[in-house]
file query-v9.txt (compact mmCIF, C-alpha atoms)
# COMPACT_ATOMS: atom_id res chain seq x y z
CA MET A 22 0.00 0.00 0.00
CA LYS A 23 2.80 2.37 0.90
CA LYS A 24 4.60 1.74 -2.39
CA ILE A 25 1.41 2.33 -4.37
CA PHE A 26 0.87 5.62 -2.51
CA VAL A 27 4.40 6.87 -3.14
CA ILE A 28 4.31 5.90 -6.82
CA PHE A 29 0.98 7.69 -7.23
CA LEU A 30 2.31 10.78 -5.44
CA PHE A 31 5.40 11.12 -7.60
CA PHE A 32 3.48 10.34 -10.80
CA SER A 33 1.01 13.11 -10.00
CA LEU A 34 3.75 15.61 -9.29
CA GLY A 35 5.64 14.58 -12.40
CA TYR A 36 2.55 15.47 -14.41
CA LEU A 37 2.56 18.95 -12.91
CA SER A 38 6.22 19.39 -13.75
CA SER A 39 5.48 18.86 -17.45
CA ASN A 40 3.65 22.17 -17.57
CA ALA A 41 6.04 25.08 -18.26
CA GLN A 42 4.56 27.25 -15.54
CA PHE A 43 5.58 24.61 -12.99
CA GLY A 44 9.28 24.58 -13.90
CA ILE A 45 10.30 25.14 -10.31
CA ILE A 46 8.05 22.31 -9.18
CA GLY A 47 9.46 19.94 -11.77
CA LYS A 48 12.97 20.54 -10.56
CA PHE A 49 11.94 19.92 -7.01
CA VAL A 50 10.14 16.72 -8.03
CA ASP A 51 13.33 15.55 -9.77
CA LYS A 52 15.17 16.10 -6.54
CA SER A 53 12.49 14.32 -4.56
CA ILE A 54 12.54 11.29 -6.87
CA GLU A 55 16.30 11.06 -6.50
CA LYS A 56 15.81 10.84 -2.77
CA ALA A 57 12.73 8.61 -2.79
CA ASP A 58 14.70 5.47 -1.89
CA GLU A 59 15.89 7.22 1.25
CA LEU A 60 12.37 7.60 2.67
CA SER A 61 12.00 5.36 5.71
CA ASP A 62 8.93 3.39 6.66
CA LYS A 63 8.48 5.81 9.51
CA VAL A 64 8.19 8.80 7.22
CA ILE A 65 5.80 7.00 4.85
CA ASP A 66 3.66 5.94 7.79
CA GLN A 67 3.50 9.55 8.91
CA ILE A 68 2.49 10.71 5.43
CA ILE A 69 -0.41 8.27 5.30
CA ASP A 70 -1.52 7.88 8.90
CA GLU A 71 -0.66 11.07 10.77
CA THR A 72 -3.65 12.54 12.51
CA GLU A 73 -2.05 14.95 14.97
CA GLU A 74 -3.97 18.15 15.51
CA GLU A 75 -2.53 21.17 13.62
CA PRO A 76 -3.25 24.91 13.80
CA ALA A 77 -6.56 25.84 12.22
CA LYS A 78 -6.69 27.50 8.80
CA PRO A 79 -7.12 31.27 8.86
CA GLU A 80 -10.59 32.64 8.32
CA SER A 81 -11.69 34.18 5.05
CA GLU A 82 -13.25 37.65 5.08
CA SER A 83 -16.82 36.29 5.14
CA GLU A 84 -15.99 33.80 7.87
CA SER A 85 -14.33 36.56 9.88
CA GLU A 86 -17.51 38.67 9.71
CA ALA A 87 -19.57 35.71 10.90
CA SER A 88 -17.30 35.19 13.92
CA ASP A 89 -17.34 38.72 15.34
CA SER A 90 -19.17 37.42 18.39
CA LYS A 91 -16.32 35.19 19.55
CA THR A 92 -15.49 35.48 23.23
CA LYS A 93 -12.29 37.03 24.47
CA GLU A 94 -11.09 33.60 25.61
CA THR A 95 -11.57 32.16 22.11
CA ASN A 96 -9.70 35.05 20.47
CA GLU A 97 -6.77 34.69 22.85
CA GLU A 98 -6.69 30.95 22.23
CA GLU A 99 -6.66 31.54 18.46
CA GLU A 100 -3.83 34.07 18.77
CA ASP A 101 -1.75 31.62 20.79
CA ARG A 102 -1.92 29.13 17.91
CA GLY A 103 0.05 31.61 15.81
CA ARG A 104 2.93 31.84 18.25
CA PRO A 105 5.78 29.35 18.69
CA GLN A 106 4.22 26.76 20.99
CA PRO A 107 6.14 23.98 22.76
CA SER A 108 5.03 20.45 21.91
CA LYS A 109 5.30 17.54 24.34
CA GLY A 110 7.29 19.73 26.71
CA GLN A 111 10.08 20.39 24.21
CA PRO A 112 11.41 23.95 23.78
CA GLY A 113 11.63 25.76 20.48
CA PRO A 114 14.91 26.92 18.88
CA TYR A 115 17.31 28.75 21.18
CA LEU A 116 18.43 31.91 19.39
CA THR A 117 21.41 34.07 20.36
CA TRP A 118 22.03 36.45 17.41
CA ALA A 119 25.46 37.14 18.95
CA LYS A 120 27.37 36.36 15.74
CA TYR A 121 24.68 37.28 13.23
CA ASP A 122 26.39 39.05 10.32
CA PHE A 123 23.60 39.55 7.77
CA VAL A 124 23.38 43.21 6.71
CA PRO A 125 20.35 44.08 4.57
CA GLY A 126 20.58 46.22 1.48
CA ASP A 127 20.33 49.94 2.11
CA GLU A 128 17.71 50.79 -0.55
CA LEU A 129 14.31 49.10 -0.56
CA ILE A 130 13.18 47.87 -3.99
CA PHE A 131 10.06 46.09 -2.74
CA GLU A 132 8.37 45.72 0.65
CA ASP A 133 5.14 44.10 1.73
CA ASN A 134 4.18 43.97 5.40
CA GLN A 135 0.56 43.24 4.46
CA GLU A 136 -0.50 46.65 5.75
CA ASN A 137 -4.09 47.65 4.84
CA GLU A 138 -4.74 44.36 3.05
CA LEU A 139 -8.27 42.90 2.95
CA ASN A 140 -8.65 39.53 4.63
CA GLY A 141 -9.60 36.83 2.14
CA GLU A 142 -8.47 38.78 -0.93
CA PHE A 143 -5.45 38.06 -3.12
CA PRO A 144 -2.37 40.05 -1.94
CA SER A 145 -2.49 43.38 -3.79
CA ARG A 146 1.28 43.73 -4.26
CA TRP A 147 1.71 40.29 -5.84
CA ASP A 148 0.66 38.33 -8.91
CA LEU A 149 -0.16 34.64 -9.08
CA ALA A 150 2.25 32.64 -11.23
CA GLY A 151 0.39 29.68 -12.64
CA ASN A 152 -2.31 27.82 -10.75
CA GLY A 153 -2.83 27.67 -7.01
CA SER A 154 -4.59 29.69 -4.34
CA VAL A 155 -3.15 32.46 -2.16
CA GLU A 156 -4.96 34.90 0.14
CA ASN A 157 -4.41 37.59 2.75
CA ALA A 158 -5.19 36.28 6.22
CA GLY A 159 -4.86 36.99 9.90
CA PHE A 160 -2.83 34.49 11.89
CA GLY A 161 -1.61 34.74 15.47
CA GLY A 162 -2.17 38.48 15.62
CA SER A 163 -0.24 39.10 12.39
CA ASP A 164 -1.26 39.90 8.83
CA VAL A 165 0.10 37.15 6.61
CA ILE A 166 0.12 35.79 3.07
CA TYR A 167 -1.56 32.39 3.20
CA PHE A 168 -0.69 29.64 0.69
CA LYS A 169 -3.92 27.65 0.57
CA GLU A 170 -2.73 24.99 -1.86
CA ALA A 171 0.50 23.20 -2.66
CA SER A 172 2.29 24.38 -5.83
CA SER A 173 1.02 27.96 -5.38
CA CYS A 174 3.56 30.56 -6.54
CA ILE A 175 3.58 34.36 -6.30
CA VAL A 176 5.72 37.07 -7.88
CA PRO A 177 6.03 40.70 -6.70
CA PHE A 178 4.74 43.57 -8.80
CA LEU A 179 7.86 45.39 -10.02
CA LYS A 180 8.42 47.91 -12.80
CA ASN A 181 9.12 46.32 -16.17
CA PRO A 182 8.71 42.78 -14.77
CA GLU A 183 10.03 41.13 -17.93
CA LYS A 184 13.43 42.79 -17.45
CA ASP A 185 16.21 42.00 -14.96
CA ASN A 186 14.88 43.49 -11.72
CA LEU A 187 17.69 42.42 -9.39
CA PRO A 188 20.95 44.37 -9.03
CA GLU A 189 24.34 42.74 -8.70
CA ILE A 190 24.09 43.05 -4.93
CA PHE A 191 20.75 42.49 -3.21
CA THR A 192 19.08 40.99 -0.15
CA ILE A 193 15.76 39.22 0.40
CA GLU A 194 14.06 38.84 3.79
CA PHE A 195 10.79 37.36 5.01
CA ASP A 196 9.30 35.44 7.93
CA ALA A 197 8.08 31.88 7.25
CA TRP A 198 5.85 29.66 9.38
CA PHE A 199 6.89 26.04 9.97
CA GLU A 200 4.77 23.24 11.37
CA ILE A 201 5.38 19.74 12.68
CA ASP A 202 4.68 18.15 9.35
CA GLU A 203 6.55 16.48 6.49
CA TYR A 204 7.32 18.68 3.50
CA CYS A 205 6.67 21.95 5.27
CA SER A 206 8.90 24.01 3.03
CA TYR A 207 9.04 27.03 0.75
CA LEU A 208 10.78 27.41 -2.60
CA ILE A 209 12.59 30.49 -3.90
CA ASP A 210 13.45 30.88 -7.56
CA PHE A 211 15.55 33.74 -8.88
CA TYR A 212 13.40 34.59 -11.87
CA ASP A 213 9.81 35.75 -12.31
CA HIS A 214 7.77 32.69 -13.34
CA LYS A 215 5.10 34.77 -15.04
CA ASN A 216 7.11 37.38 -16.92
CA GLN A 217 10.64 36.03 -17.39
CA SER A 218 12.24 33.01 -19.00
CA GLU A 219 13.77 30.15 -17.08
CA SER A 220 16.33 29.58 -19.82
CA THR A 221 19.03 31.76 -18.25
CA ILE A 222 18.34 30.61 -14.67
CA ASP A 223 19.34 26.98 -15.03
CA ILE A 224 19.58 25.94 -11.38
CA TYR A 225 17.28 24.18 -8.96
CA PRO A 226 15.20 26.36 -6.63
CA LEU A 227 16.38 27.33 -3.18
CA VAL A 228 14.43 25.11 -0.77
CA ILE A 229 13.83 26.53 2.71
CA GLU A 230 12.84 24.04 5.41
CA ALA A 231 12.53 24.45 9.17
CA ASN A 232 16.17 23.55 9.92
CA HIS A 233 17.66 23.27 6.45
CA ALA A 234 18.35 25.19 3.23
CA GLU A 235 19.48 23.68 -0.06
CA ILE A 236 20.02 24.25 -3.75
CA THR A 237 20.41 20.80 -5.27
CA ARG A 238 23.91 20.17 -6.66
CA LEU A 239 25.21 23.49 -5.31
CA GLY A 240 25.08 23.13 -1.55
CA ASP A 241 23.05 22.73 1.61
CA GLY A 242 23.28 23.29 5.34
CA TYR A 243 21.45 22.73 8.62
CA TYR A 244 20.64 25.02 11.49
CA PRO A 245 23.36 24.53 14.18
CA GLY A 246 22.62 21.65 16.51
CA THR A 247 20.23 19.94 14.10
CA GLY A 248 20.89 17.20 11.61
CA ASP A 249 17.42 16.78 10.20
CA ASN A 250 14.17 18.66 9.77
CA GLU A 251 12.22 17.07 12.57
CA ILE A 252 10.85 19.80 14.83
CA THR A 253 8.91 19.57 18.09
CA THR A 254 7.08 22.86 17.94
CA ASN A 255 5.47 25.14 15.37
CA PHE A 256 7.32 28.44 14.96
CA TRP A 257 8.24 31.41 12.77
CA ARG A 258 11.70 31.69 11.28
CA HIS A 259 13.24 34.82 9.84
CA ILE A 260 14.73 33.99 6.43
CA ALA A 261 17.51 36.22 5.08
CA ILE A 262 19.24 35.82 1.70
CA SER A 263 22.13 37.89 0.37
CA PHE A 264 23.62 37.86 -3.12
CA ASN A 265 26.85 39.63 -4.02
CA THR A 266 27.77 39.39 -7.72
CA ARG A 267 28.30 35.61 -7.56
CA ALA A 268 28.04 34.50 -3.93
CA LEU A 269 24.80 33.50 -2.20
CA LYS A 270 24.31 33.24 1.57
CA VAL A 271 21.20 32.02 3.36
CA TYR A 272 20.34 32.58 7.01
CA LEU A 273 17.72 30.89 9.20
CA ASP A 274 17.09 33.21 12.12
CA ASP A 275 20.44 33.89 13.79
CA ALA A 276 22.56 31.39 11.83
CA ARG A 277 24.07 31.27 8.37
CA VAL A 278 23.31 27.82 6.99
CA LEU A 279 24.30 28.09 3.33
CA ASN A 280 27.25 29.80 1.63
CA ILE A 281 27.63 29.24 -2.11
CA PRO A 282 30.68 31.11 -3.46
CA ASN A 283 29.54 30.99 -7.09
CA LEU A 284 25.84 30.62 -7.86
CA GLY A 285 26.63 30.35 -11.57
CA ILE A 286 23.72 32.53 -12.73
CA ASN A 287 22.63 36.14 -12.78
CA PRO A 288 19.39 36.37 -10.72
CA GLU A 289 16.76 38.40 -12.58
CA GLY A 290 13.58 38.23 -10.50
CA LEU A 291 11.84 36.59 -7.56
CA THR A 292 9.22 33.84 -7.20
CA ILE A 293 8.09 32.39 -3.86
CA CYS A 294 6.26 29.06 -3.85
CA CYS A 295 4.65 26.57 -1.55
CA ASP A 296 6.20 23.37 -2.90
CA ALA A 297 4.28 20.57 -4.57
CA MET A 298 4.70 18.06 -1.78
CA ASN A 299 3.35 20.25 1.03
CA SER A 300 0.41 18.88 2.97
CA VAL A 301 -1.18 22.34 2.94
CA GLY A 302 -4.82 22.04 1.96
CA SER A 303 -5.34 19.12 4.30
CA GLU A 304 -7.13 19.71 7.58
CA GLY A 305 -5.23 22.00 9.91
CA ALA A 306 -2.08 22.53 7.82
CA GLY A 307 -1.03 26.09 7.06
CA ARG A 308 1.78 27.80 5.13
CA TYR A 309 2.25 31.51 5.83
CA ILE A 310 4.82 34.20 5.06
CA ARG A 311 4.98 37.86 6.10
CA ASN A 312 7.18 40.98 6.09
CA ILE A 313 8.80 40.44 2.69
CA ARG A 314 11.64 42.82 1.76
CA LEU A 315 13.77 43.04 -1.35
CA ALA A 316 16.62 45.55 -1.10
CA LYS A 317 19.49 46.76 -3.22
CA GLY A 318 22.79 45.94 -1.55
CA GLY A 319 25.28 48.54 -0.56
CA VAL A 320 28.82 49.60 0.10
CA LYS A 321 30.73 48.35 3.14
CA LEU A 322 29.95 50.34 6.28
CA TYR A 323 33.36 51.99 6.58
CA ASP A 324 33.32 52.98 2.90
CA LYS A 325 29.88 54.55 3.43
CA LEU A 326 31.24 56.49 6.35
CA LEU A 327 34.22 57.80 4.41
CA GLN A 328 32.02 58.71 1.45
CA ASP A 329 29.04 60.31 3.24
CA GLY A 330 30.21 61.03 6.77
CA LYS A 331 27.42 58.79 8.07
CA ILE A 332 25.93 55.30 7.82
CA VAL A 333 22.25 55.15 6.88
CA THR A 334 20.45 51.90 7.55
CA ASN A 335 16.89 50.57 7.52
CA GLY A 336 18.22 47.25 8.78
CA ILE A 337 17.49 48.11 12.40
CA ARG A 338 13.85 47.09 12.88
CA PHE A 339 11.45 47.85 15.70
CA ASP A 340 8.09 46.59 16.86
CA VAL A 341 5.26 48.72 15.46
CA ASN A 342 5.00 52.08 17.26
CA LYS A 343 7.57 50.94 19.83
CA ALA A 344 11.28 51.29 20.52
CA THR A 345 11.74 47.55 21.00
CA ILE A 346 14.53 46.36 18.70
CA LYS A 347 13.72 43.22 16.71
CA PRO A 348 16.34 40.43 16.90
CA GLU A 349 17.01 40.40 13.14
CA SER A 350 18.49 43.88 13.62
CA MET A 351 21.57 42.31 15.18
CA GLY A 352 23.36 41.90 11.85
CA ILE A 353 23.81 45.64 11.38
CA MET A 354 24.24 46.21 15.13
CA ASN A 355 27.08 43.67 15.32
CA SER A 356 28.68 45.29 12.26
CA ILE A 357 28.57 48.75 13.86
CA VAL A 358 30.14 47.36 17.04
CA GLN A 359 32.91 45.68 15.05
CA LEU A 360 33.52 48.89 13.10
CA MET A 361 33.79 50.98 16.27
CA LYS A 362 36.13 48.47 17.89
CA GLU A 363 38.38 48.45 14.82
CA HIS A 364 38.37 52.27 14.70
CA PRO A 365 38.50 53.56 18.29
CA GLU A 366 38.71 57.12 17.00
CA LEU A 367 35.09 56.96 15.79
CA SER A 368 32.18 58.47 17.70
CA PHE A 369 28.60 58.60 16.48
CA SER A 370 25.43 60.56 16.86
CA VAL A 371 22.71 57.89 16.71
CA GLU A 372 19.75 59.53 14.96
CA GLY A 373 16.26 58.07 14.59
CA HIS A 374 13.79 58.81 11.77
CA THR A 375 10.18 57.72 11.15
CA ASP A 376 7.66 57.74 8.35
CA SER A 377 4.69 60.12 8.42
CA ASP A 378 2.10 57.72 9.83
CA GLY A 379 0.68 59.02 13.10
CA THR A 380 1.05 62.50 14.56
CA GLU A 381 4.15 64.62 14.23
CA THR A 382 4.48 64.81 18.03
CA ASP A 383 4.26 61.04 18.46
CA ASN A 384 6.77 60.44 15.67
CA GLN A 385 9.23 62.86 17.18
CA LEU A 386 9.06 61.10 20.55
CA LEU A 387 9.25 57.66 18.92
CA SER A 388 12.36 58.59 16.92
CA GLU A 389 14.09 59.80 20.09
CA GLN A 390 13.19 56.62 21.96
CA ARG A 391 14.44 54.42 19.15
CA ALA A 392 17.74 56.29 18.89
CA ARG A 393 18.20 55.87 22.63
CA ALA A 394 17.37 52.16 22.43
CA VAL A 395 20.00 51.65 19.71
CA ALA A 396 22.65 53.54 21.67
CA ASP A 397 21.85 51.54 24.80
CA LYS A 398 22.21 48.30 22.86
CA LEU A 399 25.60 49.35 21.48
CA ILE A 400 26.72 50.20 25.01
CA ALA A 401 25.53 46.79 26.22
CA LEU A 402 27.62 45.24 23.42
CA GLY A 403 30.78 46.91 24.72
CA ILE A 404 30.92 50.43 23.22
CA ASP A 405 31.88 53.25 25.61
CA SER A 406 28.89 55.52 26.22
CA LYS A 407 31.15 58.55 25.75
CA ARG A 408 31.42 57.70 22.06
CA LEU A 409 27.65 57.94 21.48
CA THR A 410 25.00 60.66 21.53
CA CYS A 411 21.32 60.39 20.57
CA LYS A 412 18.91 62.49 18.53
CA GLY A 413 15.47 62.04 17.00
CA TRP A 414 14.16 63.75 13.87
CA GLY A 415 10.71 62.23 13.68
CA GLU A 416 9.20 62.53 10.19
CA SER A 417 10.99 65.80 9.35
CA LYS A 418 13.72 64.39 7.07
CA PRO A 419 12.17 61.85 4.68
CA LEU A 420 14.31 60.06 2.11
CA GLY A 421 11.40 58.51 0.21
CA ASN A 422 7.78 59.07 -0.68
CA ASN A 423 5.54 58.37 2.30
CA ALA A 424 2.77 57.38 -0.13
CA THR A 425 4.50 54.08 -1.04
CA PRO A 426 5.47 51.12 1.18
CA GLU A 427 9.07 51.28 -0.05
CA GLY A 428 9.26 55.03 0.59
CA LYS A 429 7.94 54.65 4.11
CA ALA A 430 10.34 51.78 4.79
CA ASN A 431 13.31 53.89 3.66
CA ASN A 432 12.11 56.71 5.92
CA ARG A 433 11.97 54.43 8.97
CA ARG A 434 15.70 54.39 9.47
CA VAL A 435 18.57 54.90 11.89
CA GLU A 436 21.59 56.98 10.93
CA PHE A 437 25.04 56.85 12.53
CA VAL A 438 26.49 60.32 11.94
CA LYS A 439 30.20 60.78 12.56
CA ILE A 440 31.03 63.37 15.26
call {"tool": "encode", "arguments": {"input": "query-v9.txt", "output": "structure tokens"}}
result
Amino acid sequence: MKKIFVIFLFFSLGYLSSNAQFGIIGKFVDKSIEKADELSDKVIDQIIDETEEEPAKPESESESEASDSKTKETNEEEEDRGRPQPSKGQPGPYLTWAKYDFVPGDELIFEDNQENELNGEFPSRWDLAGNGSVENAGFGGSDVIYFKEASSCIVPFLKNPEKDNLPEIFTIEFDAWFEIDEYCSYLIDFYDHKNQSESTIDIYPLVIEANHAEITRLGDGYYPGTGDNEITTNFWRHIAISFNTRALKVYLDDARVLNIPNLGINPEGLTICCDAMNSVGSEGAGRYIRNIRLAKGGVKLYDKLLQDGKIVTNGIRFDVNKATIKPESMGIMNSIVQLMKEHPELSFSVEGHTDSDGTETDNQLLSEQRARAVADKLIALGIDSKRLTCKGWGESKPLGNNATPEGKANNRRVEFVKI
């Protein structure tokens, strides 16, 4: 019975791969077939028989309207399902960020934090590439992009989508939700499936799993302390990808897991997929991403300083309307600390800036609080407080257009001005 099931599964996926719009899926199926003999009876049993309870699917807009009368206890319970929850008493990943060295690009090309999106509608800043089903949803208190079916792929709306939209140096970031389930993974391809040709991007997709990242025949790596993808709790991971002319690096949360010195192609676009073998669509299984950023890479920090007299970064992130620094900010923070330790003559004015959302008074106060929080963190990391001052500018010095998501993201920044 197991053999019949596996043969049927791969035959079905092979049929999908024959369609041109499923090129990424076909490559992944090829990889899967190569590894089919490695599947243990345990894994096959889990595929067929697993009945463990999973987080509920997000509500559509109409379902959300019908459930307005939910009690407070029910809402809190639903929100908890969207947070990393221990399973069978086991803790989730232990993150340190102490050696995190990912530095995001300094100019946003595309950003989608799902702000002002309508629940149950297709994401307004994306296009569907091929078949599948994708919707905006609310999950665990966050606005997310929900892949409702396996093999669903989306591409961002960019100017002149048929042309090369990626510079020689760029970064990609997003948060991805992982569940205790086989084939819970996401695929990244470096061309636009709908508007560009695969002919010049002749590599397998980047496969992102809970503890593992891989491009078949080019390299793979595991999150430190893990040797497989078995997880004991559902959780979010922050995915970060950097490309510099030839080299590709991939980070899962605080750790770099993949370093390919020569990718062998020139990336031209971006496609994000829920792979063909996901169990999404079955009862309780969900695949969600959020906070997607595509940025043009930049000059090394010290070169920026020599050139401009300051370092401008949107890589230091905060909770909404708060001065709480998000952990993925530690890449740029660690780089600033290293720079200041290598150049003890440097002192900085740490200056916060906001977008124009909210009142001018609130933004001014928020920018001051964020600048102070950054300075305090640098001091905690070993920088003498005498080398740092703080200042907030609120919304008074925009770099971009506050009418666009990318403009607002570039305006929400921290600057390190040499003094």
call {"tool": "closest_residue", "arguments": {"input": "query-v9.txt", "among": "A:Gln359, A:Ser377, A:Gln385, A:Ser406", "to": "Gly421 of chain A", "atoms": "all atoms listed in the file"}}
result
A:Ser377
call {"tool": "residues_around", "arguments": {"input": "query-v9.txt", "residues": "Phe195 of chain A", "least_positions_apart": "4", "cutoff": "9 Å", "atoms": "only C-alpha atoms", "output": "ChimeraX atom specification"}}
result
/A:258-261,310-314
call {"tool": "residues_near_point", "arguments": {"input": "query-v9.txt", "point": "(18.7, 24.0, 12.4)", "cutoff": "12 Å", "atoms": "only C-alpha atoms", "output": "VMD selection string"}}
result
chain A and resid 113 to 116 229 to 234 241 to 252 258 272 to 279
call {"tool": "closest_atom_pairs", "arguments": {"input": "query-v9.txt", "of": "segment 280-389 of chain A", "to": "segment 158-181 of chain A", "cutoff": "10 Å", "atoms": "only C-alpha atoms", "output": "JSON lines"}}
result
{"residue": "A:Gly290", "atom": "CA", "partner": "A:Val176", "partner_atom": "CA", "distance": 8.4}
{"residue": "A:Leu291", "atom": "CA", "partner": "A:Val176", "partner_atom": "CA", "distance": 6.1}
{"residue": "A:Thr292", "atom": "CA", "partner": "A:Val176", "partner_atom": "CA", "distance": 4.8}
{"residue": "A:Ile293", "atom": "CA", "partner": "A:Ile175", "partner_atom": "CA", "distance": 5.5}
{"residue": "A:Cys294", "atom": "CA", "partner": "A:Cys174", "partner_atom": "CA", "distance": 4.1}
{"residue": "A:Cys295", "atom": "CA", "partner": "A:Ser172", "partner_atom": "CA", "distance": 5.4}
{"residue": "A:Asp296", "atom": "CA", "partner": "A:Ser172", "partner_atom": "CA", "distance": 5.0}
{"residue": "A:Ala297", "atom": "CA", "partner": "A:Ser172", "partner_atom": "CA", "distance": 4.5}
{"residue": "A:Met298", "atom": "CA", "partner": "A:Ala171", "partner_atom": "CA", "distance": 6.7}
{"residue": "A:Asn299", "atom": "CA", "partner": "A:Ala171", "partner_atom": "CA", "distance": 5.5}
{"residue": "A:Ser300", "atom": "CA", "partner": "A:Ala171", "partner_atom": "CA", "distance": 7.1}
{"residue": "A:Val301", "atom": "CA", "partner": "A:Glu170", "partner_atom": "CA", "distance": 5.7}
{"residue": "A:Gly302", "atom": "CA", "partner": "A:Glu170", "partner_atom": "CA", "distance": 5.3}
{"residue": "A:Ser303", "atom": "CA", "partner": "A:Glu170", "partner_atom": "CA", "distance": 8.9}
{"residue": "A:Ala306", "atom": "CA", "partner": "A:Lys169", "partner_atom": "CA", "distance": 9.1}
{"residue": "A:Gly307", "atom": "CA", "partner": "A:Lys169", "partner_atom": "CA", "distance": 7.3}
{"residue": "A:Arg308", "atom": "CA", "partner": "A:Phe168", "partner_atom": "CA", "distance": 5.4}
{"residue": "A:Tyr309", "atom": "CA", "partner": "A:Tyr167", "partner_atom": "CA", "distance": 4.7}
{"residue": "A:Ile310", "atom": "CA", "partner": "A:Ile166", "partner_atom": "CA", "distance": 5.3}
{"residue": "A:Arg311", "atom": "CA", "partner": "A:Val165", "partner_atom": "CA", "distance": 5.0}
{"residue": "A:Asn312", "atom": "CA", "partner": "A:Val165", "partner_atom": "CA", "distance": 8.1}
{"residue": "A:Ile313", "atom": "CA", "partner": "A:Pro177", "partner_atom": "CA", "distance": 9.8}
{"residue": "A:Leu315", "atom": "CA", "partner": "A:Pro177", "partner_atom": "CA", "distance": 9.7}
call {"tool": "atom_distance", "arguments": {"input": "query-v9.txt", "atom1": "atom CA of Phe123 of chain A", "atom2": "atom CA of Ile262 of chain A"}}
result
8.4 Å
call {"tool": "residues_near_point", "arguments": {"input": "query-v9.txt", "point": "(6.2, 51.4, 15.5)", "cutoff": "12 Å", "atoms": "all atoms listed in the file", "output": "list in words"}}
result
Arg338, Phe339, Asp340, Val341, Asn342, Lys343, Ala344, Thr345, Ile346, Lys347, His374, Thr375, Asp376, Ser377, Asp378, Gly379, Asp383, Asn384, Gln385, Leu386, Leu387, Ser388, Gln390, Arg391, Gly415, Lys429, Ala430, Arg433 and Arg434 of chain A
call {"tool": "atom_distance", "arguments": {"input": "query-v9.txt", "atom1": "atom CA of Pro419 of chain A", "atom2": "atom CA of Glu381 of chain A"}}
result
12.8 Å
call {"tool": "residues_around", "arguments": {"input": "query-v9.txt", "residues": "Gly336 of chain A", "least_positions_apart": "3", "cutoff": "9 Å", "atoms": "all atoms listed in the file", "output": "list in words"}}
result
Val124, Pro125, Gly126, Asp127, Glu349, Ser350, Met351, Gly352, Ile353, Met354, Arg434 and Val435 of chain A
call {"tool": "closest_residue", "arguments": {"input": "query-v9.txt", "among": "A:Lys407, A:Glu136, A:Tyr225, A:Pro348", "to": "Trp118 of chain A", "atoms": "all atoms listed in the file"}}
result
A:Pro348
call {"tool": "atom_distance", "arguments": {"input": "query-v9.txt", "atom1": "atom CA of Glu363 of chain A", "atom2": "atom CA of Asn432 of chain A"}}
result
28.9 Å
call {"tool": "decode", "arguments": {"input": "query-v9.txt", "residues": "segment 117-128 of chain A", "atoms": "N, CA and C atoms", "output": "PDB file, in the first residue's frame"}}
result
ATOM      1  N   THR A 117      20.493  33.159  19.663  1.00  0.00           N
ATOM      2  CA  THR A 117      21.407  34.068  20.364  1.00  0.00           C
ATOM      3  C   THR A 117      21.655  35.366  19.599  1.00  0.00           C
ATOM      4  N   TRP A 118      21.772  35.297  18.265  1.00  0.00           N
ATOM      5  CA  TRP A 118      22.034  36.449  17.407  1.00  0.00           C
ATOM      6  C   TRP A 118      23.394  37.106  17.674  1.00  0.00           C
ATOM      7  N   ALA A 119      24.207  36.506  18.549  1.00  0.00           N
ATOM      8  CA  ALA A 119      25.459  37.144  18.946  1.00  0.00           C
ATOM      9  C   ALA A 119      26.446  37.275  17.786  1.00  0.00           C
ATOM     10  N   LYS A 120      26.415  36.326  16.850  1.00  0.00           N
ATOM     11  CA  LYS A 120      27.367  36.364  15.736  1.00  0.00           C
ATOM     12  C   LYS A 120      26.661  36.586  14.397  1.00  0.00           C
ATOM     13  N   TYR A 121      25.452  37.045  14.447  1.00  0.00           N
ATOM     14  CA  TYR A 121      24.683  37.275  13.226  1.00  0.00           C
ATOM     15  C   TYR A 121      25.350  38.368  12.401  1.00  0.00           C
ATOM     16  N   ASP A 122      25.643  38.082  11.129  1.00  0.00           N
ATOM     17  CA  ASP A 122      26.390  39.047  10.317  1.00  0.00           C
ATOM     18  C   ASP A 122      25.649  39.463   9.046  1.00  0.00           C
ATOM     19  N   PHE A 123      24.367  39.136   8.947  1.00  0.00           N
ATOM     20  CA  PHE A 123      23.596  39.553   7.772  1.00  0.00           C
ATOM     21  C   PHE A 123      23.294  41.049   7.855  1.00  0.00           C
ATOM     22  N   VAL A 124      23.666  41.773   6.801  1.00  0.00           N
ATOM     23  CA  VAL A 124      23.383  43.206   6.712  1.00  0.00           C
ATOM     24  C   VAL A 124      22.491  43.437   5.496  1.00  0.00           C
ATOM     25  N   PRO A 125      21.266  43.901   5.704  1.00  0.00           N
ATOM     26  CA  PRO A 125      20.347  44.076   4.571  1.00  0.00           C
ATOM     27  C   PRO A 125      20.773  45.197   3.657  1.00  0.00           C
ATOM     28  N   GLY A 126      20.304  45.144   2.424  1.00  0.00           N
ATOM     29  CA  GLY A 126      20.576  46.220   1.476  1.00  0.00           C
ATOM     30  C   GLY A 126      20.046  47.546   1.995  1.00  0.00           C
ATOM     31  N   ASP A 127      20.651  48.628   1.536  1.00  0.00           N
ATOM     32  CA  ASP A 127      20.330  49.938   2.110  1.00  0.00           C
ATOM     33  C   ASP A 127      19.297  50.718   1.301  1.00  0.00           C
ATOM     34  N   GLU A 128      18.756  50.125   0.223  1.00  0.00           N
ATOM     35  CA  GLU A 128      17.714  50.791  -0.553  1.00  0.00           C
ATOM     36  C   GLU A 128      16.606  49.796  -0.882  1.00  0.00           C
TER      37      GLU A 128
END
